[in-house]
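Structure data follow from query19.cif (mmCIF, N, CA and C atoms):
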```cif
data_model
#
loop_
_atom_site.label_atom_id
_atom_site.label_comp_id
_atom_site.auth_asym_id
_atom_site.auth_seq_id
_atom_site.Cartn_x
_atom_site.Cartn_y
_atom_site.Cartn_z
N MET A 9 171.34 -9.35 -8.03
CA MET A 9 170.26 -10.31 -8.19
C MET A 9 170.81 -11.71 -7.92
N THR A 10 170.08 -12.48 -7.15
CA THR A 10 170.46 -13.84 -6.81
C THR A 10 169.92 -14.80 -7.87
N SER A 11 170.78 -15.69 -8.36
CA SER A 11 170.32 -16.67 -9.33
C SER A 11 169.80 -17.91 -8.61
N VAL A 12 168.91 -18.60 -9.27
CA VAL A 12 168.29 -19.80 -8.69
C VAL A 12 168.89 -21.02 -9.37
N ILE A 13 169.22 -22.01 -8.57
CA ILE A 13 169.77 -23.27 -9.06
C ILE A 13 168.69 -24.33 -8.95
N GLN A 14 168.48 -25.06 -10.03
CA GLN A 14 167.52 -26.16 -9.98
C GLN A 14 168.28 -27.48 -10.04
N TRP A 15 168.12 -28.29 -9.00
CA TRP A 15 168.66 -29.64 -8.98
C TRP A 15 167.58 -30.56 -9.49
N SER A 16 167.94 -31.50 -10.35
CA SER A 16 166.98 -32.49 -10.87
C SER A 16 167.61 -33.86 -10.87
N ASN A 17 166.76 -34.87 -10.74
CA ASN A 17 167.23 -36.25 -10.76
C ASN A 17 166.13 -37.14 -11.31
N SER A 18 166.52 -38.08 -12.15
CA SER A 18 165.58 -39.07 -12.66
C SER A 18 165.62 -40.30 -11.78
N SER A 19 164.47 -40.86 -11.55
CA SER A 19 164.36 -42.07 -10.74
C SER A 19 163.31 -42.96 -11.39
N THR A 20 163.50 -44.25 -11.27
CA THR A 20 162.52 -45.19 -11.81
C THR A 20 162.13 -46.17 -10.72
N LEU A 21 160.85 -46.23 -10.44
CA LEU A 21 160.33 -47.23 -9.52
C LEU A 21 159.99 -48.47 -10.33
N THR A 22 160.59 -49.60 -9.95
CA THR A 22 160.38 -50.85 -10.66
C THR A 22 160.01 -51.94 -9.65
N LYS A 23 159.75 -53.11 -10.16
CA LYS A 23 159.45 -54.26 -9.29
C LYS A 23 160.66 -54.66 -8.46
N ASP A 24 161.85 -54.14 -8.80
CA ASP A 24 163.06 -54.41 -8.03
C ASP A 24 163.35 -53.32 -6.99
N SER A 25 162.55 -52.25 -6.97
CA SER A 25 162.74 -51.17 -6.00
C SER A 25 162.41 -51.65 -4.59
N GLN A 26 162.94 -50.92 -3.61
CA GLN A 26 162.62 -51.26 -2.23
C GLN A 26 161.13 -51.03 -1.97
N ILE A 27 160.60 -51.75 -0.99
CA ILE A 27 159.17 -51.70 -0.67
C ILE A 27 158.98 -51.36 0.80
N TYR A 28 157.93 -50.58 1.07
CA TYR A 28 157.51 -50.34 2.45
C TYR A 28 156.01 -50.10 2.48
N SER A 29 155.46 -50.03 3.68
CA SER A 29 154.03 -49.76 3.85
C SER A 29 153.87 -48.35 4.39
N GLN A 30 153.19 -47.50 3.63
CA GLN A 30 152.94 -46.13 4.06
C GLN A 30 151.99 -46.13 5.24
N ASP A 31 152.24 -45.27 6.17
CA ASP A 31 151.36 -45.09 7.32
C ASP A 31 151.01 -46.40 8.02
N CYS A 32 151.90 -47.36 7.93
CA CYS A 32 151.75 -48.66 8.62
C CYS A 32 150.52 -49.44 8.18
N ASN A 33 150.06 -49.23 6.94
CA ASN A 33 148.93 -50.03 6.48
C ASN A 33 149.44 -51.33 5.87
N LEU A 34 148.58 -52.12 5.33
CA LEU A 34 148.98 -53.43 4.84
C LEU A 34 149.40 -53.44 3.38
N GLU A 35 149.21 -52.34 2.67
CA GLU A 35 149.57 -52.28 1.26
C GLU A 35 151.04 -51.91 1.10
N SER A 36 151.67 -52.44 0.06
CA SER A 36 153.08 -52.19 -0.19
C SER A 36 153.27 -51.17 -1.31
N PHE A 37 154.33 -50.35 -1.17
CA PHE A 37 154.64 -49.29 -2.12
C PHE A 37 156.13 -49.34 -2.45
N TYR A 38 156.46 -49.20 -3.73
CA TYR A 38 157.85 -49.06 -4.13
C TYR A 38 158.29 -47.64 -3.79
N TYR A 39 159.58 -47.47 -3.47
CA TYR A 39 160.06 -46.13 -3.14
C TYR A 39 161.54 -45.96 -3.45
N GLU A 40 161.95 -44.70 -3.53
CA GLU A 40 163.35 -44.28 -3.60
C GLU A 40 163.55 -43.31 -2.45
N ALA A 41 164.71 -43.36 -1.81
CA ALA A 41 165.01 -42.44 -0.70
C ALA A 41 166.29 -41.67 -1.03
N PHE A 42 166.29 -40.38 -0.67
CA PHE A 42 167.41 -39.49 -0.92
C PHE A 42 167.75 -38.72 0.35
N GLU A 43 169.03 -38.67 0.69
CA GLU A 43 169.49 -37.82 1.79
C GLU A 43 169.71 -36.42 1.23
N VAL A 44 169.15 -35.42 1.91
CA VAL A 44 169.24 -34.04 1.45
C VAL A 44 169.89 -33.19 2.54
N LYS A 45 170.92 -32.45 2.14
CA LYS A 45 171.57 -31.48 3.03
C LYS A 45 171.58 -30.14 2.31
N VAL A 46 171.15 -29.11 3.00
CA VAL A 46 171.05 -27.79 2.38
C VAL A 46 172.17 -26.88 2.89
N PRO A 47 172.60 -25.92 2.06
CA PRO A 47 173.74 -25.07 2.44
C PRO A 47 173.40 -23.93 3.38
N GLU A 48 172.11 -23.58 3.48
CA GLU A 48 171.73 -22.48 4.37
C GLU A 48 170.27 -22.60 4.77
N ASN A 49 169.93 -21.95 5.87
CA ASN A 49 168.56 -21.94 6.36
C ASN A 49 167.72 -21.07 5.44
N ARG A 50 166.70 -21.65 4.83
CA ARG A 50 165.79 -20.90 3.96
C ARG A 50 164.67 -21.82 3.49
N TYR A 51 163.72 -21.25 2.76
CA TYR A 51 162.66 -22.06 2.16
C TYR A 51 163.18 -22.70 0.88
N TYR A 52 162.80 -23.95 0.67
CA TYR A 52 163.16 -24.70 -0.52
C TYR A 52 161.88 -25.23 -1.16
N THR A 53 161.91 -25.34 -2.48
CA THR A 53 160.80 -25.93 -3.21
C THR A 53 161.27 -27.26 -3.79
N ILE A 54 160.52 -28.31 -3.49
CA ILE A 54 160.84 -29.66 -3.96
C ILE A 54 159.57 -30.21 -4.59
N TRP A 55 159.68 -30.76 -5.81
CA TRP A 55 158.49 -31.27 -6.48
C TRP A 55 158.86 -32.40 -7.43
N SER A 56 157.82 -33.11 -7.85
CA SER A 56 157.98 -34.22 -8.78
C SER A 56 157.28 -33.90 -10.09
N SER A 57 157.72 -34.59 -11.15
CA SER A 57 157.00 -34.57 -12.42
C SER A 57 157.07 -36.00 -12.98
N ALA A 58 155.92 -36.54 -13.30
CA ALA A 58 155.85 -37.93 -13.76
C ALA A 58 154.50 -38.19 -14.41
N ALA A 59 154.42 -39.27 -15.14
CA ALA A 59 153.15 -39.70 -15.72
C ALA A 59 152.32 -40.45 -14.69
N ILE A 60 152.95 -40.87 -13.57
CA ILE A 60 152.24 -41.58 -12.52
C ILE A 60 151.94 -40.63 -11.36
N ASP A 61 150.98 -40.98 -10.53
CA ASP A 61 150.57 -40.19 -9.37
C ASP A 61 151.59 -40.39 -8.25
N THR A 62 152.35 -39.34 -7.93
CA THR A 62 153.43 -39.47 -6.96
C THR A 62 153.02 -39.01 -5.56
N TYR A 63 153.81 -39.44 -4.59
CA TYR A 63 153.62 -39.06 -3.19
C TYR A 63 155.01 -38.81 -2.62
N GLY A 64 155.19 -37.75 -1.86
CA GLY A 64 156.48 -37.43 -1.28
C GLY A 64 156.40 -37.32 0.23
N TYR A 65 157.47 -37.73 0.89
CA TYR A 65 157.60 -37.65 2.35
C TYR A 65 158.95 -37.03 2.66
N ILE A 66 159.00 -36.16 3.66
CA ILE A 66 160.27 -35.64 4.13
C ILE A 66 160.41 -36.00 5.60
N TYR A 67 161.55 -36.64 5.91
CA TYR A 67 161.87 -37.07 7.27
C TYR A 67 163.04 -36.25 7.79
N GLU A 68 163.04 -36.01 9.07
CA GLU A 68 164.15 -35.32 9.72
C GLU A 68 165.09 -36.34 10.33
N THR A 69 166.35 -36.27 10.01
CA THR A 69 167.43 -37.10 10.54
C THR A 69 167.53 -38.47 9.88
N SER A 70 166.46 -39.27 9.89
CA SER A 70 166.55 -40.63 9.33
C SER A 70 165.17 -41.13 8.91
N PHE A 71 165.18 -42.18 8.10
CA PHE A 71 163.96 -42.84 7.63
C PHE A 71 164.09 -44.32 7.93
N ASP A 72 163.07 -44.88 8.58
CA ASP A 72 163.01 -46.30 8.87
C ASP A 72 161.80 -46.87 8.14
N SER A 73 162.05 -47.69 7.11
CA SER A 73 160.95 -48.23 6.32
C SER A 73 160.03 -49.14 7.12
N LEU A 74 160.51 -49.65 8.27
CA LEU A 74 159.67 -50.48 9.13
C LEU A 74 158.85 -49.66 10.11
N ASN A 75 159.16 -48.38 10.22
CA ASN A 75 158.43 -47.48 11.10
C ASN A 75 158.29 -46.12 10.40
N PRO A 76 157.45 -46.05 9.35
CA PRO A 76 157.40 -44.87 8.50
C PRO A 76 156.81 -43.61 9.14
N MET A 77 156.29 -43.69 10.33
CA MET A 77 155.77 -42.49 11.00
C MET A 77 156.85 -41.83 11.86
N GLU A 78 157.92 -42.57 12.19
CA GLU A 78 159.01 -42.03 13.00
C GLU A 78 159.80 -40.99 12.19
N ASN A 79 160.03 -39.83 12.77
CA ASN A 79 160.79 -38.73 12.19
C ASN A 79 160.12 -38.07 10.98
N LEU A 80 158.85 -38.39 10.73
CA LEU A 80 158.15 -37.79 9.59
C LEU A 80 157.91 -36.31 9.86
N LEU A 81 158.42 -35.48 8.97
CA LEU A 81 158.26 -34.04 9.10
C LEU A 81 157.01 -33.57 8.35
N ILE A 82 156.87 -34.02 7.10
CA ILE A 82 155.74 -33.61 6.27
C ILE A 82 155.57 -34.60 5.13
N LYS A 83 154.33 -34.73 4.66
CA LYS A 83 154.06 -35.55 3.48
C LYS A 83 153.15 -34.77 2.55
N ASN A 84 153.20 -35.13 1.26
CA ASN A 84 152.40 -34.39 0.30
C ASN A 84 152.02 -35.30 -0.87
N ASP A 85 150.80 -35.09 -1.34
CA ASP A 85 150.30 -35.89 -2.46
C ASP A 85 150.11 -35.03 -3.71
N ASP A 86 149.23 -34.08 -3.69
CA ASP A 86 148.83 -33.39 -4.92
C ASP A 86 148.98 -31.88 -4.89
N GLU A 87 149.94 -31.34 -4.13
CA GLU A 87 150.13 -29.88 -4.13
C GLU A 87 150.69 -29.40 -5.47
N GLY A 88 151.41 -30.27 -6.17
CA GLY A 88 151.92 -29.93 -7.50
C GLY A 88 150.84 -30.18 -8.54
N SER A 89 151.15 -29.88 -9.77
CA SER A 89 150.17 -30.08 -10.84
C SER A 89 150.12 -31.54 -11.27
N LYS A 90 149.01 -31.95 -11.81
CA LYS A 90 148.81 -33.27 -12.40
C LYS A 90 149.18 -34.42 -11.47
N LYS A 91 148.67 -34.38 -10.25
CA LYS A 91 148.84 -35.45 -9.26
C LYS A 91 150.29 -35.66 -8.84
N GLN A 92 151.01 -34.56 -8.65
CA GLN A 92 152.41 -34.60 -8.24
C GLN A 92 152.57 -33.98 -6.86
N PHE A 93 153.57 -34.44 -6.11
CA PHE A 93 153.84 -33.82 -4.82
C PHE A 93 154.64 -32.53 -5.02
N LYS A 94 154.49 -31.63 -4.05
CA LYS A 94 155.26 -30.38 -4.06
C LYS A 94 155.36 -29.87 -2.63
N PHE A 95 156.58 -29.53 -2.25
CA PHE A 95 156.83 -28.96 -0.93
C PHE A 95 157.40 -27.55 -1.09
N GLU A 96 156.95 -26.63 -0.30
CA GLU A 96 157.60 -25.33 -0.11
C GLU A 96 157.81 -25.26 1.39
N ILE A 97 159.04 -25.53 1.80
CA ILE A 97 159.30 -25.85 3.20
C ILE A 97 160.61 -25.22 3.67
N PRO A 98 160.63 -24.74 4.93
CA PRO A 98 161.91 -24.26 5.47
C PRO A 98 162.78 -25.45 5.86
N LEU A 99 164.02 -25.45 5.38
CA LEU A 99 164.99 -26.47 5.74
C LEU A 99 166.20 -25.78 6.35
N TYR A 100 166.92 -26.48 7.22
CA TYR A 100 168.00 -25.88 8.00
C TYR A 100 169.32 -26.60 7.73
N ASP A 101 170.39 -25.82 7.67
CA ASP A 101 171.69 -26.36 7.27
C ASP A 101 172.31 -27.32 8.27
N ASP A 102 171.86 -27.34 9.48
CA ASP A 102 172.42 -28.24 10.48
C ASP A 102 171.61 -29.53 10.65
N THR A 103 170.74 -29.82 9.69
CA THR A 103 169.86 -30.98 9.79
C THR A 103 169.95 -31.81 8.52
N THR A 104 169.93 -33.11 8.68
CA THR A 104 169.86 -34.02 7.54
C THR A 104 168.40 -34.38 7.31
N TYR A 105 167.98 -34.33 6.06
CA TYR A 105 166.61 -34.67 5.68
C TYR A 105 166.65 -35.88 4.75
N ILE A 106 165.59 -36.67 4.82
CA ILE A 106 165.43 -37.80 3.91
C ILE A 106 164.15 -37.56 3.12
N LEU A 107 164.30 -37.48 1.80
CA LEU A 107 163.15 -37.36 0.89
C LEU A 107 162.82 -38.76 0.39
N VAL A 108 161.60 -39.21 0.65
CA VAL A 108 161.13 -40.50 0.17
C VAL A 108 160.12 -40.23 -0.94
N VAL A 109 160.39 -40.80 -2.10
CA VAL A 109 159.55 -40.62 -3.27
C VAL A 109 158.88 -41.95 -3.57
N THR A 110 157.55 -41.90 -3.65
CA THR A 110 156.78 -43.12 -3.89
C THR A 110 155.55 -42.76 -4.72
N THR A 111 154.55 -43.61 -4.69
CA THR A 111 153.34 -43.38 -5.49
C THR A 111 152.11 -43.37 -4.60
N TYR A 112 151.03 -42.87 -5.14
CA TYR A 112 149.77 -42.84 -4.41
C TYR A 112 149.16 -44.24 -4.35
N SER A 113 149.31 -45.00 -5.43
CA SER A 113 148.72 -46.35 -5.50
C SER A 113 149.76 -47.41 -5.17
N PRO A 114 149.36 -48.48 -4.50
CA PRO A 114 150.30 -49.54 -4.14
C PRO A 114 150.90 -50.21 -5.38
N LEU A 115 152.17 -50.60 -5.24
CA LEU A 115 152.91 -51.36 -6.24
C LEU A 115 152.86 -50.75 -7.65
N ASN A 116 152.76 -49.42 -7.70
CA ASN A 116 152.78 -48.70 -8.97
C ASN A 116 154.24 -48.47 -9.36
N THR A 117 154.55 -48.58 -10.63
CA THR A 117 155.90 -48.39 -11.12
C THR A 117 155.92 -47.29 -12.19
N GLY A 118 157.11 -46.75 -12.46
CA GLY A 118 157.25 -45.75 -13.51
C GLY A 118 158.40 -44.80 -13.24
N ASP A 119 158.61 -43.91 -14.19
CA ASP A 119 159.68 -42.91 -14.11
C ASP A 119 159.20 -41.67 -13.37
N ILE A 120 160.08 -41.11 -12.55
CA ILE A 120 159.77 -39.89 -11.78
C ILE A 120 160.96 -38.94 -11.88
N GLU A 121 160.69 -37.69 -12.16
CA GLU A 121 161.70 -36.64 -12.09
C GLU A 121 161.48 -35.90 -10.77
N ILE A 122 162.58 -35.66 -10.05
CA ILE A 122 162.53 -34.93 -8.79
C ILE A 122 163.30 -33.63 -8.97
N HIS A 123 162.74 -32.53 -8.51
CA HIS A 123 163.35 -31.22 -8.69
C HIS A 123 163.42 -30.48 -7.36
N MET A 124 164.44 -29.63 -7.23
CA MET A 124 164.57 -28.78 -6.05
C MET A 124 165.15 -27.44 -6.48
N LEU A 125 164.55 -26.36 -5.97
CA LEU A 125 165.07 -25.01 -6.23
C LEU A 125 165.82 -24.50 -5.02
N SER A 126 166.97 -23.85 -5.28
CA SER A 126 167.81 -23.30 -4.23
C SER A 126 168.62 -22.14 -4.81
N VAL A 127 169.18 -21.32 -3.96
CA VAL A 127 170.08 -20.27 -4.43
C VAL A 127 171.53 -20.73 -4.34
N LYS A 128 171.77 -21.85 -3.68
CA LYS A 128 173.09 -22.48 -3.60
C LYS A 128 172.92 -23.97 -3.84
N ASN A 129 174.00 -24.63 -4.19
CA ASN A 129 173.93 -26.07 -4.44
C ASN A 129 173.54 -26.85 -3.19
N VAL A 130 172.59 -27.75 -3.35
CA VAL A 130 172.21 -28.67 -2.29
C VAL A 130 172.96 -29.98 -2.51
N THR A 131 173.12 -30.75 -1.45
CA THR A 131 173.76 -32.06 -1.55
C THR A 131 172.66 -33.12 -1.44
N VAL A 132 172.53 -33.92 -2.48
CA VAL A 132 171.51 -34.96 -2.49
C VAL A 132 172.18 -36.28 -2.85
N GLN A 133 171.94 -37.27 -2.01
CA GLN A 133 172.55 -38.59 -2.21
C GLN A 133 171.47 -39.65 -2.18
N ARG A 134 171.45 -40.51 -3.19
CA ARG A 134 170.47 -41.61 -3.23
C ARG A 134 170.81 -42.62 -2.15
N LEU A 135 169.82 -43.01 -1.35
CA LEU A 135 170.02 -43.99 -0.29
C LEU A 135 169.51 -45.37 -0.68
N SER A 136 168.56 -45.41 -1.57
CA SER A 136 167.96 -46.68 -1.98
C SER A 136 168.93 -47.45 -2.85
N LYS A 137 168.75 -48.74 -2.88
CA LYS A 137 169.60 -49.61 -3.71
C LYS A 137 169.22 -49.52 -5.15
#
```
Written as C-alpha cells, that's how I'd like the structure from this file.
Amino acid sequence: MTSVIQWSNSSTLTKDSQIYSQDCNLESFYYEAFEVKVPENRYYTIWSSAAIDTYGYIYETSFDSLNPMENLLIKNDDEGSKKQFKFEIPLYDDTTYILVVTTYSPLNTGDIEIHMLSVKNVTVQRLSK
C-alpha cells in the first residue's frame, strides 16, 4: 500500500504583500507565489483552506505579475469547499510550476493554508518577498 504525504504551508496576505492585477484588469490583488517541483508524473491535489475567499493559479515555467495571462496553465476559484480553490491536476517531473495564491476580492488580506497531496515529497519554495 502506498502512503500519501500531505505538504502544508501557512501564508498571510497583508498590505505589505506583493500586488498584481488578475486577468489584466484594473483592480489590485495581494498574492503569494510558490515554485513547485514534483518527483514524478502523476495527478496531484492542491487546495486552500482559509476564512477568506481564495483564488489559485498554476503557471508553467514562470509567472510574470505584469503579464498574468502568460504561461497560465489553470486557475480555480471555488472547486474546494467554503469558497476555496482546489486543483486535481496532472503535473510532470520535468516541469517547474508556479502556484499563485490570492483572493477573489481585490486588496483582501488574511491567513491562508495551502495543501498538496502526493505519494512522494514535493519541493515547494516561496518566491514572494
- [ ] Fewer than 3 positions away in the same chain doesn't count, so skip those; otherwise give me all residues within 9 Å of range 59-66 of chain A, counting only C-alpha atoms, as a count of residues only.
- [x] 31
For the structure provided, state which residues fall under the PyMOL selection byres ((chain A and resi 26-29) around 8), and present them as a CSV table (one decimal) with N, CA and C atoms, in the coordinates of the input.
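Writing the result to out-v1.csv gives the following:
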```csv
chain,number,residue,atom,x,y,z
A,21,LEU,N,160.8,-46.2,-10.4
A,21,LEU,CA,160.3,-47.2,-9.5
A,21,LEU,C,160.0,-48.5,-10.3
A,22,THR,N,160.6,-49.6,-10.0
A,22,THR,CA,160.4,-50.8,-10.7
A,22,THR,C,160.0,-51.9,-9.6
A,23,LYS,N,159.8,-53.1,-10.2
A,23,LYS,CA,159.4,-54.3,-9.3
A,23,LYS,C,160.7,-54.7,-8.5
A,24,ASP,N,161.8,-54.1,-8.8
A,24,ASP,CA,163.1,-54.4,-8.0
A,24,ASP,C,163.4,-53.3,-7.0
A,25,SER,N,162.6,-52.2,-7.0
A,25,SER,CA,162.7,-51.2,-6.0
A,25,SER,C,162.4,-51.6,-4.6
A,30,GLN,N,153.2,-47.5,3.6
A,30,GLN,CA,152.9,-46.1,4.1
A,30,GLN,C,152.0,-46.1,5.2
A,31,ASP,N,152.2,-45.3,6.2
A,31,ASP,CA,151.4,-45.1,7.3
A,31,ASP,C,151.0,-46.4,8.0
A,32,CYS,N,151.9,-47.4,7.9
A,32,CYS,CA,151.8,-48.7,8.6
A,32,CYS,C,150.5,-49.4,8.2
A,33,ASN,N,150.1,-49.2,6.9
A,33,ASN,CA,148.9,-50.0,6.5
A,33,ASN,C,149.4,-51.3,5.9
A,34,LEU,N,148.6,-52.1,5.3
A,34,LEU,CA,149.0,-53.4,4.8
A,34,LEU,C,149.4,-53.4,3.4
A,35,GLU,N,149.2,-52.3,2.7
A,35,GLU,CA,149.6,-52.3,1.3
A,35,GLU,C,151.0,-51.9,1.1
A,36,SER,N,151.7,-52.4,0.1
A,36,SER,CA,153.1,-52.2,-0.2
A,36,SER,C,153.3,-51.2,-1.3
A,37,PHE,N,154.3,-50.4,-1.2
A,37,PHE,CA,154.6,-49.3,-2.1
A,37,PHE,C,156.1,-49.3,-2.4
A,38,TYR,N,156.5,-49.2,-3.7
A,38,TYR,CA,157.8,-49.1,-4.1
A,38,TYR,C,158.3,-47.6,-3.8
A,39,TYR,N,159.6,-47.5,-3.5
A,39,TYR,CA,160.1,-46.1,-3.1
A,39,TYR,C,161.5,-46.0,-3.4
A,40,GLU,N,162.0,-44.7,-3.5
A,40,GLU,CA,163.4,-44.3,-3.6
A,40,GLU,C,163.6,-43.3,-2.4
A,41,ALA,N,164.7,-43.4,-1.8
A,41,ALA,CA,165.0,-42.4,-0.7
A,41,ALA,C,166.3,-41.7,-1.0
A,72,ASP,N,163.1,-44.9,8.6
A,72,ASP,CA,163.0,-46.3,8.9
A,72,ASP,C,161.8,-46.9,8.1
A,73,SER,N,162.0,-47.7,7.1
A,73,SER,CA,161.0,-48.2,6.3
A,73,SER,C,160.0,-49.1,7.1
A,74,LEU,N,160.5,-49.6,8.3
A,74,LEU,CA,159.7,-50.5,9.1
A,74,LEU,C,158.8,-49.7,10.1
A,75,ASN,N,159.2,-48.4,10.2
A,75,ASN,CA,158.4,-47.5,11.1
A,75,ASN,C,158.3,-46.1,10.4
A,76,PRO,N,157.4,-46.0,9.4
A,76,PRO,CA,157.4,-44.9,8.5
A,76,PRO,C,156.8,-43.6,9.1
A,77,MET,N,156.3,-43.7,10.3
A,77,MET,CA,155.8,-42.5,11.0
A,77,MET,C,156.8,-41.8,11.9
A,136,SER,N,168.6,-45.4,-1.6
A,136,SER,CA,168.0,-46.7,-2.0
A,136,SER,C,168.9,-47.4,-2.8
A,137,LYS,N,168.8,-48.7,-2.9
A,137,LYS,CA,169.6,-49.6,-3.7
A,137,LYS,C,169.2,-49.5,-5.2
```
TODO: Give as a PyMOL selection string the residues that the PyMOL selection byres ((chain A and resi 122-132) around 7) matches when applied to the coordinates above.
DONE: chain A and resi 10-19+42-47+51-57+120-121+133-134
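Considering the residues A:Ser70, A:Thr104, A:Leu115, A:Ala58 and counting all atoms listed in the file, Ser89 in chain A has its shortest atom-to-atom contact with A:Ala58.
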Please put the answer as AutoDock Vina command-line options: centre and edge lengths, in Å with one decimal, of a box along x, y and z that encloses all listed atoms of range 88-92 of chain A plus 3 Å on each side.
```
--center_x 150.6 --center_y -32.8 --center_z -9.3 --size_x 9.9 --size_y 11.8 --size_z 12.2
```
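Going from atom N of Leu135 in chain A to CA of Thr103 in chain A covers 16.4 Å.
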Task: Of the listed residues A:Leu99, A:Thr69, A:Pro114, A:Glu87, that which approaches Arg50 in chain A most closely, counting only N, CA and C atoms - done: A:Leu99
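Pairwise distance (CA of Asn49 in chain A, atom N of Thr20 in chain A) equals 28.9 Å.
Note that the spacing between atom N of Asp101 in chain A and atom N of Gly88 in chain A amounts to 23.9 Å.
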Open item on the list: If DSSP is run on the backbone, what residues of range 52-118 of chain A are strand (DSSP E)? A reply as a PyMOL selection string would be ideal.
Closed with: chain A and resi 52-58+62-68+80-84+94-99+105-111+118
Range 112-118 of chain A rebuilt with all heavy atoms, output as a PDB file, in the coordinates of the input:
```pdb
ATOM      1  N   TYR A 112     151.030 -42.870  -5.140  1.00  0.00           N
ATOM      2  CA  TYR A 112     149.770 -42.840  -4.410  1.00  0.00           C
ATOM      3  C   TYR A 112     149.160 -44.240  -4.350  1.00  0.00           C
ATOM      4  O   TYR A 112     148.583 -44.630  -3.338  1.00  0.00           O
ATOM      5  CB  TYR A 112     148.803 -41.865  -5.081  1.00  0.00           C
ATOM      6  CG  TYR A 112     147.477 -41.789  -4.378  1.00  0.00           C
ATOM      7  CD1 TYR A 112     147.349 -41.051  -3.202  1.00  0.00           C
ATOM      8  CD2 TYR A 112     146.372 -42.452  -4.873  1.00  0.00           C
ATOM      9  CE1 TYR A 112     146.134 -40.988  -2.529  1.00  0.00           C
ATOM     10  CE2 TYR A 112     145.150 -42.392  -4.212  1.00  0.00           C
ATOM     11  CZ  TYR A 112     145.042 -41.657  -3.044  1.00  0.00           C
ATOM     12  OH  TYR A 112     143.851 -41.594  -2.382  1.00  0.00           O
ATOM     13  N   SER A 113     149.310 -45.000  -5.430  1.00  0.00           N
ATOM     14  CA  SER A 113     148.720 -46.350  -5.500  1.00  0.00           C
ATOM     15  C   SER A 113     149.760 -47.410  -5.170  1.00  0.00           C
ATOM     16  O   SER A 113     150.928 -47.278  -5.549  1.00  0.00           O
ATOM     17  CB  SER A 113     148.161 -46.606  -6.893  1.00  0.00           C
ATOM     18  OG  SER A 113     147.149 -45.669  -7.198  1.00  0.00           O
ATOM     19  N   PRO A 114     149.360 -48.480  -4.500  1.00  0.00           N
ATOM     20  CA  PRO A 114     150.300 -49.540  -4.140  1.00  0.00           C
ATOM     21  C   PRO A 114     150.900 -50.210  -5.380  1.00  0.00           C
ATOM     22  O   PRO A 114     150.249 -50.358  -6.407  1.00  0.00           O
ATOM     23  CB  PRO A 114     149.454 -50.540  -3.361  1.00  0.00           C
ATOM     24  CG  PRO A 114     148.123 -49.937  -3.177  1.00  0.00           C
ATOM     25  CD  PRO A 114     148.014 -48.744  -4.029  1.00  0.00           C
ATOM     26  N   LEU A 115     152.170 -50.600  -5.240  1.00  0.00           N
ATOM     27  CA  LEU A 115     152.910 -51.360  -6.240  1.00  0.00           C
ATOM     28  C   LEU A 115     152.860 -50.750  -7.650  1.00  0.00           C
ATOM     29  O   LEU A 115     152.937 -51.454  -8.651  1.00  0.00           O
ATOM     30  CB  LEU A 115     152.440 -52.819  -6.270  1.00  0.00           C
ATOM     31  CG  LEU A 115     152.637 -53.571  -4.949  1.00  0.00           C
ATOM     32  CD1 LEU A 115     152.084 -54.977  -5.038  1.00  0.00           C
ATOM     33  CD2 LEU A 115     154.111 -53.598  -4.556  1.00  0.00           C
ATOM     34  N   ASN A 116     152.760 -49.420  -7.700  1.00  0.00           N
ATOM     35  CA  ASN A 116     152.780 -48.700  -8.970  1.00  0.00           C
ATOM     36  C   ASN A 116     154.240 -48.470  -9.360  1.00  0.00           C
ATOM     37  O   ASN A 116     155.083 -48.213  -8.509  1.00  0.00           O
ATOM     38  CB  ASN A 116     152.042 -47.376  -8.829  1.00  0.00           C
ATOM     39  CG  ASN A 116     151.530 -46.840 -10.136  1.00  0.00           C
ATOM     40  OD1 ASN A 116     151.798 -47.398 -11.195  1.00  0.00           O
ATOM     41  ND2 ASN A 116     150.800 -45.754 -10.070  1.00  0.00           N
ATOM     42  N   THR A 117     154.550 -48.580 -10.630  1.00  0.00           N
ATOM     43  CA  THR A 117     155.900 -48.390 -11.120  1.00  0.00           C
ATOM     44  C   THR A 117     155.920 -47.290 -12.190  1.00  0.00           C
ATOM     45  O   THR A 117     154.881 -46.952 -12.757  1.00  0.00           O
ATOM     46  CB  THR A 117     156.476 -49.681 -11.728  1.00  0.00           C
ATOM     47  OG1 THR A 117     155.649 -50.096 -12.811  1.00  0.00           O
ATOM     48  CG2 THR A 117     156.555 -50.791 -10.691  1.00  0.00           C
ATOM     49  N   GLY A 118     157.110 -46.750 -12.460  1.00  0.00           N
ATOM     50  CA  GLY A 118     157.250 -45.750 -13.510  1.00  0.00           C
ATOM     51  C   GLY A 118     158.400 -44.800 -13.240  1.00  0.00           C
ATOM     52  O   GLY A 118     159.068 -44.865 -12.205  1.00  0.00           O
TER      53      GLY A 118
END
```
